[in-house]
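J.: What follows is the file start-v2.txt, containing compact mmCIF, C-alpha atoms and all ligand atoms:
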# COMPACT_ATOMS: atom_id res chain seq x y z
CA MET A 154 0.00 0.00 0.00
CA ASN A 155 1.12 3.50 -0.81
CA LYS A 156 2.56 5.02 2.37
CA LEU A 157 0.63 8.31 2.13
CA LEU A 158 -2.65 6.48 1.64
CA PHE A 159 -1.85 4.31 4.67
CA LEU A 160 -1.32 7.44 6.77
CA ILE A 161 -4.60 8.97 5.68
CA ILE A 162 -6.49 5.76 6.41
CA ALA A 163 -4.83 5.54 9.80
CA ILE A 164 -5.79 9.12 10.64
CA VAL A 165 -9.40 8.48 9.71
CA ALA A 166 -9.41 5.23 11.66
CA LEU A 167 -7.97 6.89 14.75
CA GLY A 168 -10.65 9.58 14.61
CA TRP A 169 -9.05 12.22 16.79
CA SER A 170 -12.02 14.58 16.83
CA ALA A 171 -14.80 12.67 15.11
CA PRO A 172 -18.34 13.43 16.35
CA VAL A 173 -19.75 11.09 18.98
CA SER A 174 -21.51 8.26 17.21
CA ALA A 175 -23.19 5.05 18.32
CA VAL A 176 -19.98 3.20 17.54
CA GLU A 177 -17.89 5.54 19.68
CA ARG A 178 -20.33 5.15 22.53
CA ASP A 179 -19.55 1.45 22.44
CA LEU A 180 -15.88 2.14 23.15
CA ILE A 181 -14.46 1.82 26.62
CA ARG A 182 -11.38 3.62 27.99
CA VAL A 183 -9.27 1.71 30.50
CA ALA A 184 -6.28 3.13 32.40
CA ILE A 185 -3.64 0.41 32.06
CA SER A 186 -0.70 2.36 33.53
CA ARG A 187 -0.76 5.49 35.63
CA ALA A 188 2.33 5.29 37.81
CA ALA A 189 5.29 4.57 35.50
CA ASP A 190 7.84 7.06 34.17
CA SER A 191 8.19 5.20 30.90
CA VAL A 192 6.80 2.27 28.94
CA ASN A 193 8.13 0.13 26.13
CA LEU A 194 5.87 -0.33 23.13
CA GLN A 195 6.13 -3.05 20.50
CA GLY A 196 3.95 -3.61 17.48
CA ASP A 197 3.91 -4.03 13.71
CA GLY A 198 3.23 -0.83 11.79
CA MET A 199 2.81 1.39 14.85
CA LEU A 200 1.60 4.89 14.09
CA ALA A 201 1.44 7.74 16.59
CA LEU A 202 -1.14 10.41 15.89
CA ARG A 203 -0.63 13.90 17.31
CA GLU A 204 -3.49 16.25 18.18
CA THR A 205 -2.62 18.28 15.08
CA GLY A 206 -3.61 15.28 13.00
CA MET A 207 0.00 14.59 12.00
CA ALA A 208 1.05 10.98 12.19
CA VAL A 209 4.49 9.73 13.16
CA VAL A 210 5.55 6.31 11.97
CA LEU A 211 7.14 4.38 14.82
CA PRO A 212 9.76 1.64 14.66
CA PRO A 213 8.62 -1.85 15.79
CA ALA A 214 9.87 -1.04 19.29
CA ALA A 215 9.76 2.37 20.98
CA THR A 216 10.11 3.81 24.46
CA VAL A 217 7.84 6.60 25.64
CA SER A 218 8.81 8.48 28.79
CA VAL A 219 7.78 11.57 30.76
CA GLY A 220 9.85 14.74 30.84
CA HIS A 221 9.06 18.42 31.54
CA GLY A 222 5.34 17.68 31.79
CA GLN A 223 5.27 16.15 28.35
CA ILE A 224 5.67 12.70 26.93
CA MET A 225 8.93 12.14 25.15
CA LEU A 226 9.29 9.95 22.10
CA ASP A 227 12.59 9.73 20.26
CA GLY A 228 13.78 13.08 21.69
CA THR A 229 10.61 15.01 20.84
CA GLY A 230 8.02 16.17 23.38
CA TYR A 231 4.28 15.74 22.84
CA ARG A 232 1.24 16.62 24.93
CA ARG A 233 -0.66 13.53 23.94
CA LEU A 234 -0.32 10.73 21.42
CA ARG A 235 -2.76 8.13 20.15
CA ILE A 236 -1.01 5.00 18.94
CA THR A 237 -2.38 2.27 16.72
CA ALA A 238 -0.90 -0.69 14.91
CA ALA A 239 -1.83 -3.44 12.50
CA GLY A 240 -2.37 -5.85 15.40
CA PRO A 241 -2.19 -5.76 19.19
CA ILE A 242 0.43 -3.47 20.74
CA LYS A 243 2.62 -4.78 23.50
CA VAL A 244 2.99 -2.38 26.46
CA ASN A 245 5.96 -3.69 28.42
CA THR A 246 4.91 -7.36 28.74
CA LYS A 247 1.17 -7.28 27.96
CA SER A 248 -0.63 -6.96 24.61
CA TYR A 249 -3.58 -4.66 23.95
CA ARG A 250 -6.10 -4.32 21.14
CA GLY A 251 -7.43 -1.01 19.89
CA VAL A 252 -5.82 2.37 20.47
CA LEU A 253 -3.34 3.40 23.14
CA GLU A 254 -3.52 6.99 24.32
CA LEU A 255 -0.49 8.35 26.16
CA SER A 256 -0.22 11.59 28.07
CA ALA A 257 1.65 13.04 31.04
CA SER A 258 -0.38 13.29 34.21
CA ASN A 259 1.07 14.63 37.48
CA GLY A 260 4.61 13.80 36.41
CA VAL A 261 3.92 10.23 35.38
CA LEU A 262 2.74 8.53 32.25
CA LEU A 263 -0.97 7.86 31.84
CA VAL A 264 -1.63 5.06 29.36
CA ILE A 265 -5.23 4.52 28.34
CA ASN A 266 -6.39 1.60 26.22
CA GLU A 267 -9.42 2.55 24.14
CA LEU A 268 -11.16 -0.37 22.51
CA PRO A 269 -14.61 -1.78 21.72
CA LEU A 270 -16.43 -2.77 24.90
CA GLU A 271 -17.01 -6.34 23.70
CA ASP A 272 -13.27 -6.86 22.94
CA TYR A 273 -12.42 -5.56 26.41
CA LEU A 274 -14.82 -8.07 27.99
CA VAL A 275 -13.16 -11.04 26.28
CA GLY A 276 -9.90 -9.94 27.91
CA VAL A 277 -11.54 -9.54 31.33
CA ILE A 278 -13.05 -13.04 31.65
CA ASN A 279 -9.84 -14.96 32.41
CA SER A 280 -8.53 -12.20 34.66
CA GLU A 281 -11.62 -12.48 36.85
CA ILE A 282 -12.54 -16.19 36.64
CA SER A 283 -11.44 -19.13 34.48
CA SER A 284 -13.11 -19.66 31.12
CA THR A 285 -12.86 -23.39 31.85
CA TRP A 286 -15.74 -22.91 34.30
CA PRO A 287 -19.22 -23.97 33.09
CA MET A 288 -20.35 -21.77 30.17
CA GLU A 289 -23.39 -20.39 32.02
CA SER A 290 -21.09 -18.97 34.73
CA VAL A 291 -18.78 -17.53 32.05
CA LYS A 292 -21.82 -15.86 30.48
CA ALA A 293 -22.93 -14.52 33.88
CA GLN A 294 -19.43 -13.04 34.35
CA ALA A 295 -19.58 -11.48 30.87
CA VAL A 296 -22.89 -9.78 31.66
CA ILE A 297 -21.81 -8.37 35.02
CA ALA A 298 -18.44 -7.21 33.68
CA ARG A 299 -20.28 -5.48 30.81
CA THR A 300 -22.84 -3.97 33.19
CA TYR A 301 -20.15 -2.77 35.57
CA ALA A 302 -18.21 -1.17 32.70
CA VAL A 303 -21.28 0.54 31.23
CA ALA A 304 -22.31 1.95 34.63
CA LYS A 305 -18.79 3.31 35.17
CA ARG A 306 -18.77 4.81 31.67
CA ILE A 307 -21.89 6.77 32.60
CA GLU A 308 -20.58 7.72 36.05
CA ARG A 309 -17.20 8.88 34.71
CA HIS A 310 -18.46 10.54 31.56
CA GLY A 311 -16.06 13.35 30.67
CA SER A 312 -13.19 11.88 32.69
CA PRO A 313 -9.99 10.80 30.91
CA TYR A 314 -10.88 7.11 31.40
CA HIS A 315 -13.81 4.98 32.54
CA LEU A 316 -12.10 2.09 34.33
CA GLU A 317 -9.00 1.05 36.17
CA ALA A 318 -7.44 -2.24 35.05
CA THR A 319 -7.11 -3.49 38.63
CA VAL A 320 -9.33 -4.79 41.44
CA MET A 321 -10.27 -1.13 41.97
CA ASP A 322 -12.64 -1.80 39.07
CA GLN A 323 -12.18 -4.98 37.05
CA VAL A 324 -8.93 -6.84 36.51
CA TYR A 325 -7.89 -6.50 32.85
CA SER A 326 -4.56 -7.70 31.49
CA GLY A 327 -5.09 -6.99 27.81
CA SER A 328 -5.60 -9.56 25.08
CA ASP A 329 -3.10 -12.21 26.20
CA LEU A 330 -5.68 -14.06 28.30
CA GLU A 331 -8.34 -14.19 25.58
CA ASP A 332 -9.51 -17.63 24.49
CA SER A 333 -12.39 -19.14 22.55
CA ARG A 334 -14.52 -19.92 25.61
CA ALA A 335 -14.14 -16.39 26.97
CA ALA A 336 -15.11 -15.05 23.53
CA ARG A 337 -18.11 -17.41 23.40
CA GLY A 338 -19.35 -16.22 26.79
CA VAL A 339 -19.14 -12.61 25.60
CA HIS A 340 -20.64 -13.23 22.14
CA GLU A 341 -23.56 -15.32 23.42
CA THR A 342 -24.57 -12.45 25.71
CA ALA A 343 -23.62 -9.69 23.26
CA GLY A 344 -24.78 -6.28 24.46
CA GLN A 345 -26.73 -7.63 27.45
CA VAL A 346 -26.65 -5.62 30.66
CA LEU A 347 -28.47 -5.99 33.97
CA THR A 348 -30.84 -3.14 34.65
CA TYR A 349 -33.04 -1.90 37.47
CA HIS A 350 -35.85 0.45 36.52
CA GLY A 351 -34.31 0.62 33.06
CA LYS A 352 -30.83 1.74 34.16
CA PRO A 353 -27.64 -0.37 34.28
CA ILE A 354 -27.06 -1.53 37.85
CA GLN A 355 -23.88 -1.20 39.90
CA ALA A 356 -22.89 -4.80 39.30
CA PHE A 357 -20.54 -5.45 42.19
CA TYR A 358 -19.22 -8.98 42.53
CA HIS A 359 -16.66 -10.90 44.56
CA ALA A 360 -14.83 -14.23 44.64
CA THR A 361 -16.69 -16.11 47.36
CA CYS A 362 -19.21 -14.98 49.97
CA GLY A 363 -18.73 -17.77 52.50
CA GLY A 364 -22.45 -18.50 52.92
CA LYS A 365 -24.30 -15.19 52.69
CA THR A 366 -23.77 -12.31 50.31
CA GLU A 367 -23.49 -8.87 51.88
CA ASP A 368 -25.91 -5.94 51.89
CA SER A 369 -24.31 -2.98 50.09
CA SER A 370 -25.38 -0.64 52.89
CA HIS A 371 -23.06 -2.48 55.29
CA VAL A 372 -20.02 -1.84 53.10
CA TRP A 373 -20.60 1.49 51.40
CA GLY A 374 -23.57 2.93 53.25
CA ALA A 375 -25.70 2.99 50.10
CA ALA A 376 -28.71 0.65 50.26
CA LEU A 377 -29.48 -0.55 46.75
CA PRO A 378 -32.56 -2.77 46.39
CA TYR A 379 -30.77 -5.27 44.12
CA LEU A 380 -27.73 -5.52 46.44
CA LYS A 381 -29.58 -6.70 49.53
CA GLY A 382 -27.67 -9.88 50.27
CA VAL A 383 -28.92 -13.43 49.64
CA ASP A 384 -28.11 -16.82 51.13
CA CYS A 385 -25.52 -18.79 49.15
CA GLN A 386 -24.82 -22.36 50.13
CA TYR A 387 -23.21 -22.92 46.75
CA CYS A 388 -19.72 -21.46 47.06
CA ALA A 389 -18.87 -23.87 49.90
CA LEU A 390 -19.26 -26.81 47.48
CA GLY A 391 -16.14 -27.64 45.51
CA ASN A 392 -14.17 -24.71 46.89
CA SER A 393 -12.46 -23.96 50.15
CA ASN A 394 -14.27 -21.00 51.65
CA THR A 395 -12.17 -20.58 54.75
CA TRP A 396 -8.87 -18.82 55.34
CA GLU A 397 -6.28 -18.54 58.10
CA GLN A 398 -3.80 -15.73 58.65
CA ALA A 399 -1.12 -15.16 61.30
CA LEU A 400 0.21 -11.59 61.65
CA SER A 401 2.58 -10.07 64.18
CA LEU A 402 1.13 -7.29 66.32
CA SER A 403 3.96 -5.01 65.20
CA ARG A 404 2.95 -5.47 61.57
CA LEU A 405 -0.65 -4.70 62.50
CA GLU A 406 0.40 -1.59 64.42
CA THR A 407 2.12 -0.28 61.30
CA ALA A 408 -0.81 -1.13 59.03
CA LEU A 409 -3.44 0.26 61.41
CA LYS A 410 -1.37 3.29 62.48
CA VAL A 411 -1.79 2.53 66.21
CA ALA A 412 0.86 2.18 68.92
CA GLY A 413 1.02 -0.26 71.82
CA LEU A 414 -1.40 -2.83 70.36
CA THR A 415 -2.00 -5.59 72.93
CA ASP A 416 -5.22 -7.30 71.86
CA ILE A 417 -7.86 -7.43 69.13
CA ARG A 418 -11.46 -8.18 70.02
CA LEU A 419 -14.50 -8.63 67.87
CA GLY A 420 -17.33 -6.12 67.77
CA PRO A 421 -20.94 -7.00 66.87
CA ARG A 422 -21.87 -8.76 63.64
CA ASN A 423 -24.41 -7.60 61.07
CA SER A 424 -27.32 -9.64 59.69
CA ARG A 425 -25.02 -11.15 57.05
CA ASP A 426 -22.61 -12.64 59.64
CA ARG A 427 -19.90 -10.07 58.99
CA LEU A 428 -18.25 -7.98 61.68
CA LYS A 429 -19.42 -4.41 62.03
CA THR A 430 -16.42 -3.33 64.10
CA VAL A 431 -13.10 -4.53 65.47
CA LEU A 432 -11.87 -3.35 68.90
CA LEU A 433 -8.16 -2.61 69.14
CA SER A 434 -6.81 -2.69 72.71
CA THR A 435 -3.75 -0.48 73.03
CA SER A 436 -1.64 0.82 75.89
CA HIS A 437 -3.48 4.14 75.38
CA GLY A 438 -7.01 2.72 75.43
CA THR A 439 -9.40 0.98 73.05
CA VAL A 440 -9.90 2.01 69.44
CA THR A 441 -13.10 0.94 67.69
CA MET A 442 -12.60 0.54 63.96
CA PRO A 443 -15.17 -0.39 61.27
CA ALA A 444 -14.35 -3.93 60.13
CA THR A 445 -14.30 -2.91 56.46
CA LYS A 446 -11.73 -0.21 57.27
CA PHE A 447 -9.69 -2.72 59.28
CA ARG A 448 -9.66 -5.13 56.32
CA MET A 449 -8.57 -2.45 53.84
CA ALA A 450 -5.88 -1.09 56.19
CA VAL A 451 -4.30 -4.51 56.77
CA GLY A 452 -4.80 -5.53 53.14
CA SER A 453 -7.80 -6.99 51.35
CA THR A 454 -5.79 -10.03 50.21
CA VAL A 455 -4.46 -10.61 53.74
CA ILE A 456 -7.72 -10.25 55.67
CA LYS A 457 -9.84 -11.82 52.94
CA SER A 458 -13.24 -10.93 54.39
CA THR A 459 -14.85 -9.25 57.38
CA ASN A 460 -16.28 -12.60 58.53
CA PHE A 461 -13.55 -13.81 60.89
CA THR A 462 -12.54 -14.63 64.44
CA VAL A 463 -9.20 -13.68 65.96
CA ARG A 464 -6.99 -14.88 68.81
CA VAL A 465 -3.95 -12.96 70.09
CA ASP A 466 -1.12 -14.98 71.55
CA ASP A 467 2.52 -14.17 72.25
CA GLY A 468 2.80 -11.10 70.04
CA SER A 469 0.84 -12.45 67.10
CA ALA A 470 -2.79 -12.38 65.95
CA TYR A 471 -4.27 -15.56 64.46
CA PHE A 472 -7.24 -14.96 62.17
CA SER A 473 -9.72 -17.58 60.93
CA GLY A 474 -12.29 -16.44 58.41
CA SER A 475 -14.60 -17.41 55.59
CA GLY A 476 -15.30 -15.84 52.22
CA TYR A 477 -13.05 -13.75 49.97
CA GLY A 478 -14.02 -10.23 48.96
CA HIS A 479 -16.51 -7.57 50.06
CA GLY A 480 -19.36 -10.05 49.60
CA VAL A 481 -21.66 -7.68 47.69
CA GLY A 482 -23.52 -8.86 44.57
CA LEU A 483 -22.65 -12.01 42.65
CA CYS A 484 -20.52 -14.65 44.36
CA GLN A 485 -18.27 -15.98 41.58
CA TRP A 486 -17.68 -19.43 43.11
CA GLY A 487 -21.35 -19.67 43.99
CA ALA A 488 -22.26 -18.80 40.39
CA LYS A 489 -19.93 -21.54 39.17
CA GLN A 490 -21.67 -24.09 41.37
CA ARG A 491 -25.13 -22.89 40.31
CA ALA A 492 -24.07 -23.36 36.66
CA LEU A 493 -22.85 -26.89 37.46
CA ASP A 494 -26.26 -27.49 39.06
CA GLY A 495 -27.93 -26.67 35.75
CA PHE A 496 -29.04 -23.08 36.19
CA SER A 497 -28.82 -20.67 33.25
CA TYR A 498 -26.84 -17.44 33.40
CA SER A 499 -30.04 -15.38 33.59
CA GLU A 500 -31.29 -17.48 36.53
CA ILE A 501 -27.91 -17.08 38.26
CA LEU A 502 -27.99 -13.31 37.74
CA SER A 503 -31.55 -12.86 38.97
CA TYR A 504 -30.65 -14.82 42.10
CA TYR A 505 -27.70 -12.65 43.10
CA TYR A 506 -29.24 -9.36 41.89
CA PRO A 507 -32.91 -9.67 42.85
CA GLY A 508 -35.39 -7.52 40.96
CA THR A 509 -33.08 -6.81 38.02
CA GLU A 510 -33.86 -7.30 34.35
CA LEU A 511 -31.59 -8.25 31.44
CA ARG A 512 -31.72 -5.79 28.56
CA ILE A 513 -29.81 -5.30 25.34
CA LEU A 514 -27.47 -2.32 25.34
CA ALA A 515 -28.84 -0.32 22.43
CA PRO A 516 -27.18 2.77 20.94
CA ASP A 517 -30.39 4.76 21.47
CA ALA A 518 -30.98 3.55 25.04
CA GLY A 519 -29.17 6.52 26.50
CA PHE A 520 -26.37 4.51 28.04
ZN ZN A 601 -21.30 -17.67 47.92
Can the structure in the file be given as structure tokens, please?
T.:
Amino acid sequence: MNKLLFLIIAIVALGWSAPVSAVERDLIRVAISRAADSVNLQGDGMLALRETGMAVVLPPAATVSVGHGQIMLDGTGYRRLRITAAGPIKVNTKSYRGVLELSASNGVLLVINELPLEDYLVGVINSEISSTWPMESVKAQAVIARTYAVAKRIERHGSPYHLEATVMDQVYSGSDLEDSRAARGVHETAGQVLTYHGKPIQAFYHATCGGKTEDSSHVWGAALPYLKGVDCQYCALGNSNTWEQALSLSRLETALKVAGLTDIRLGPRNSRDRLKTVLLSTSHGTVTMPATKFRMAVGSTVIKSTNFTVRVDDGSAYFSGSGYGHGVGLCQWGAKQRALDGFSYSEILSYYYPGTELRILAPDAGF
């Protein structure tokens, strides 16, 4: 292909300032790096488009860094670049479909991956569950990941990106984890979102609830009718729901920002069996801390849930708990078991999100 023609096509395809269309509305913007000083990019036929509309042809491997409030590429500073290639682009070690948008933000590099929502979802499945799970649970995961993304896209409209690529939102590692079963789960539910009164719900989910899912009001204070908490005997089957953790009191003092910690006692539990508060006995008195705050301060992968008991002995605290995650919304291991038991993805979803309705995401639906 004639090189000039290729550039023109690329510029049109990148659409720097095209009007918002139905197709654009179906794009999602995910922050894949927002702490690094530089990233390495690799891809065949990479093109970097400047805001002026000028395109720069990149070599198959390039390093983009931050300097003087700009992004630096091959000795030249830019405010923002949109990069595309013939196929996926590797950012350090992970590959991404669609467009990469790079800019400097607070002295570090902000890398946003902009791609069709449905392509993003195929990449999410194996970051969140395993596509080897029964297909109905893969489809349930596809619907809630889509619903979560769409709700965030509405909430963060006008922001530089819609989603983080971490547990802060949904774990997304690019296209490397795509496979045919993940794609099937996404395609067989194409465009479907869970709604309540016609609007996409806040589709929170977690790994395993340990017996009862949580009421959203207990975690975030907001009582949503479809996040009330349901009984779930299912995640205990075929999966270990319990966890143990031993931590030194000195480590806990650092994490909790308290001095002279001598004991940890349990406060009351809520209706979903989770602790409301944790009482920290210190040489200066007792500190009462919300259990959700305690879990986040120590680490959500260390204290896996707020359903635990604790024993302090000889300078260490020994925790025994059940469940993994905040417990709100769909229980992923429970959904897997329900699928093995023969329930469809729509039955699984209506169980964990009572009162919701599946709808097709239409360009004219307003979301
Ligand atoms: Zn469960």
J.: Taking (-0.8, 14.1, 27.6) in the file's coordinates, which residues come within 12 Å, counting only C-alpha atoms, written as number ranges by chain?
T.: A: 187, 203-204, 217-225, 230-235, 253-265, 313
J.: Considering all atoms listed in the file, state which residue in the set A:Val210, A:Val383, A:Val463, A:Met442 is at the smallest distance from ligand ZN 601 (chain A).
T.: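 When distances to ligand ZN 601 (chain A) are compared using all atoms listed in the file, the smallest one comes from A:Val383.
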J.: For a quick check of understanding, using all atoms listed in the file, which of A:Glu367, A:Asp329, A:Asp227, A:Asp384 has the smallest distance to Ser458 in chain A?
T.: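 Among A:Glu367, A:Asp329, A:Asp227, A:Asp384, it is A:Glu367 that comes nearest to Ser458 in chain A.
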J.: Could you list, as a list in words, every residue within 10 Å of Asn392 in chain A, counting all atoms listed in the file and ignoring same-chain residues fewer than 4 positions away?
T.: Thr361, Tyr387, Cys388, Trp486, Gly487 and Gln490 of chain A
J.: For the residues selected in the previous step, produce a file with C-alpha atoms as a PDB file, in the frame of the given file.
T.:
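Dumped to again18.pdb:
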ATOM      1  CA  THR A 361     -16.690 -16.110  47.360  1.00  0.00           C
ATOM      2  CA  TYR A 387     -23.210 -22.920  46.750  1.00  0.00           C
ATOM      3  CA  CYS A 388     -19.720 -21.460  47.060  1.00  0.00           C
ATOM      4  CA  TRP A 486     -17.680 -19.430  43.110  1.00  0.00           C
ATOM      5  CA  GLY A 487     -21.350 -19.670  43.990  1.00  0.00           C
ATOM      6  CA  GLN A 490     -21.670 -24.090  41.370  1.00  0.00           C
TER       7      GLN A 490
END
J.: Hey, which residues sit close to ligand ZN 601 (chain A)? Say within 9 Å, counting only C-alpha atoms and all ligand atoms, and write them as a PyMOL selection string.
T.: chain A and resi 359-366+383-389+394+476+480+483-488
J.: Keeping C-alpha atoms for every residue in the selection just given, could you write it to a file as a PDB file, in the frame of the given file?
T.:
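As a result, part.pdb now contains:
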ATOM      1  CA  HIS A 359     -16.660 -10.900  44.560  1.00  0.00           C
ATOM      2  CA  ALA A 360     -14.830 -14.230  44.640  1.00  0.00           C
ATOM      3  CA  THR A 361     -16.690 -16.110  47.360  1.00  0.00           C
ATOM      4  CA  CYS A 362     -19.210 -14.980  49.970  1.00  0.00           C
ATOM      5  CA  GLY A 363     -18.730 -17.770  52.500  1.00  0.00           C
ATOM      6  CA  GLY A 364     -22.450 -18.500  52.920  1.00  0.00           C
ATOM      7  CA  LYS A 365     -24.300 -15.190  52.690  1.00  0.00           C
ATOM      8  CA  THR A 366     -23.770 -12.310  50.310  1.00  0.00           C
ATOM      9  CA  VAL A 383     -28.920 -13.430  49.640  1.00  0.00           C
ATOM     10  CA  ASP A 384     -28.110 -16.820  51.130  1.00  0.00           C
ATOM     11  CA  CYS A 385     -25.520 -18.790  49.150  1.00  0.00           C
ATOM     12  CA  GLN A 386     -24.820 -22.360  50.130  1.00  0.00           C
ATOM     13  CA  TYR A 387     -23.210 -22.920  46.750  1.00  0.00           C
ATOM     14  CA  CYS A 388     -19.720 -21.460  47.060  1.00  0.00           C
ATOM     15  CA  ALA A 389     -18.870 -23.870  49.900  1.00  0.00           C
ATOM     16  CA  ASN A 394     -14.270 -21.000  51.650  1.00  0.00           C
ATOM     17  CA  GLY A 476     -15.300 -15.840  52.220  1.00  0.00           C
ATOM     18  CA  GLY A 480     -19.360 -10.050  49.600  1.00  0.00           C
ATOM     19  CA  LEU A 483     -22.650 -12.010  42.650  1.00  0.00           C
ATOM     20  CA  CYS A 484     -20.520 -14.650  44.360  1.00  0.00           C
ATOM     21  CA  GLN A 485     -18.270 -15.980  41.580  1.00  0.00           C
ATOM     22  CA  TRP A 486     -17.680 -19.430  43.110  1.00  0.00           C
ATOM     23  CA  GLY A 487     -21.350 -19.670  43.990  1.00  0.00           C
ATOM     24  CA  ALA A 488     -22.260 -18.800  40.390  1.00  0.00           C
TER      25      ALA A 488
END
J.: Which of these residues is nearest to Gly482 in chain A, using only C-alpha atoms: A:Leu380, A:Leu514, A:Val455, A:Leu268?
T.: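 Going through A:Leu380, A:Leu514, A:Val455, A:Leu268 one by one, the smallest distance to Gly482 in chain A is for A:Leu380.
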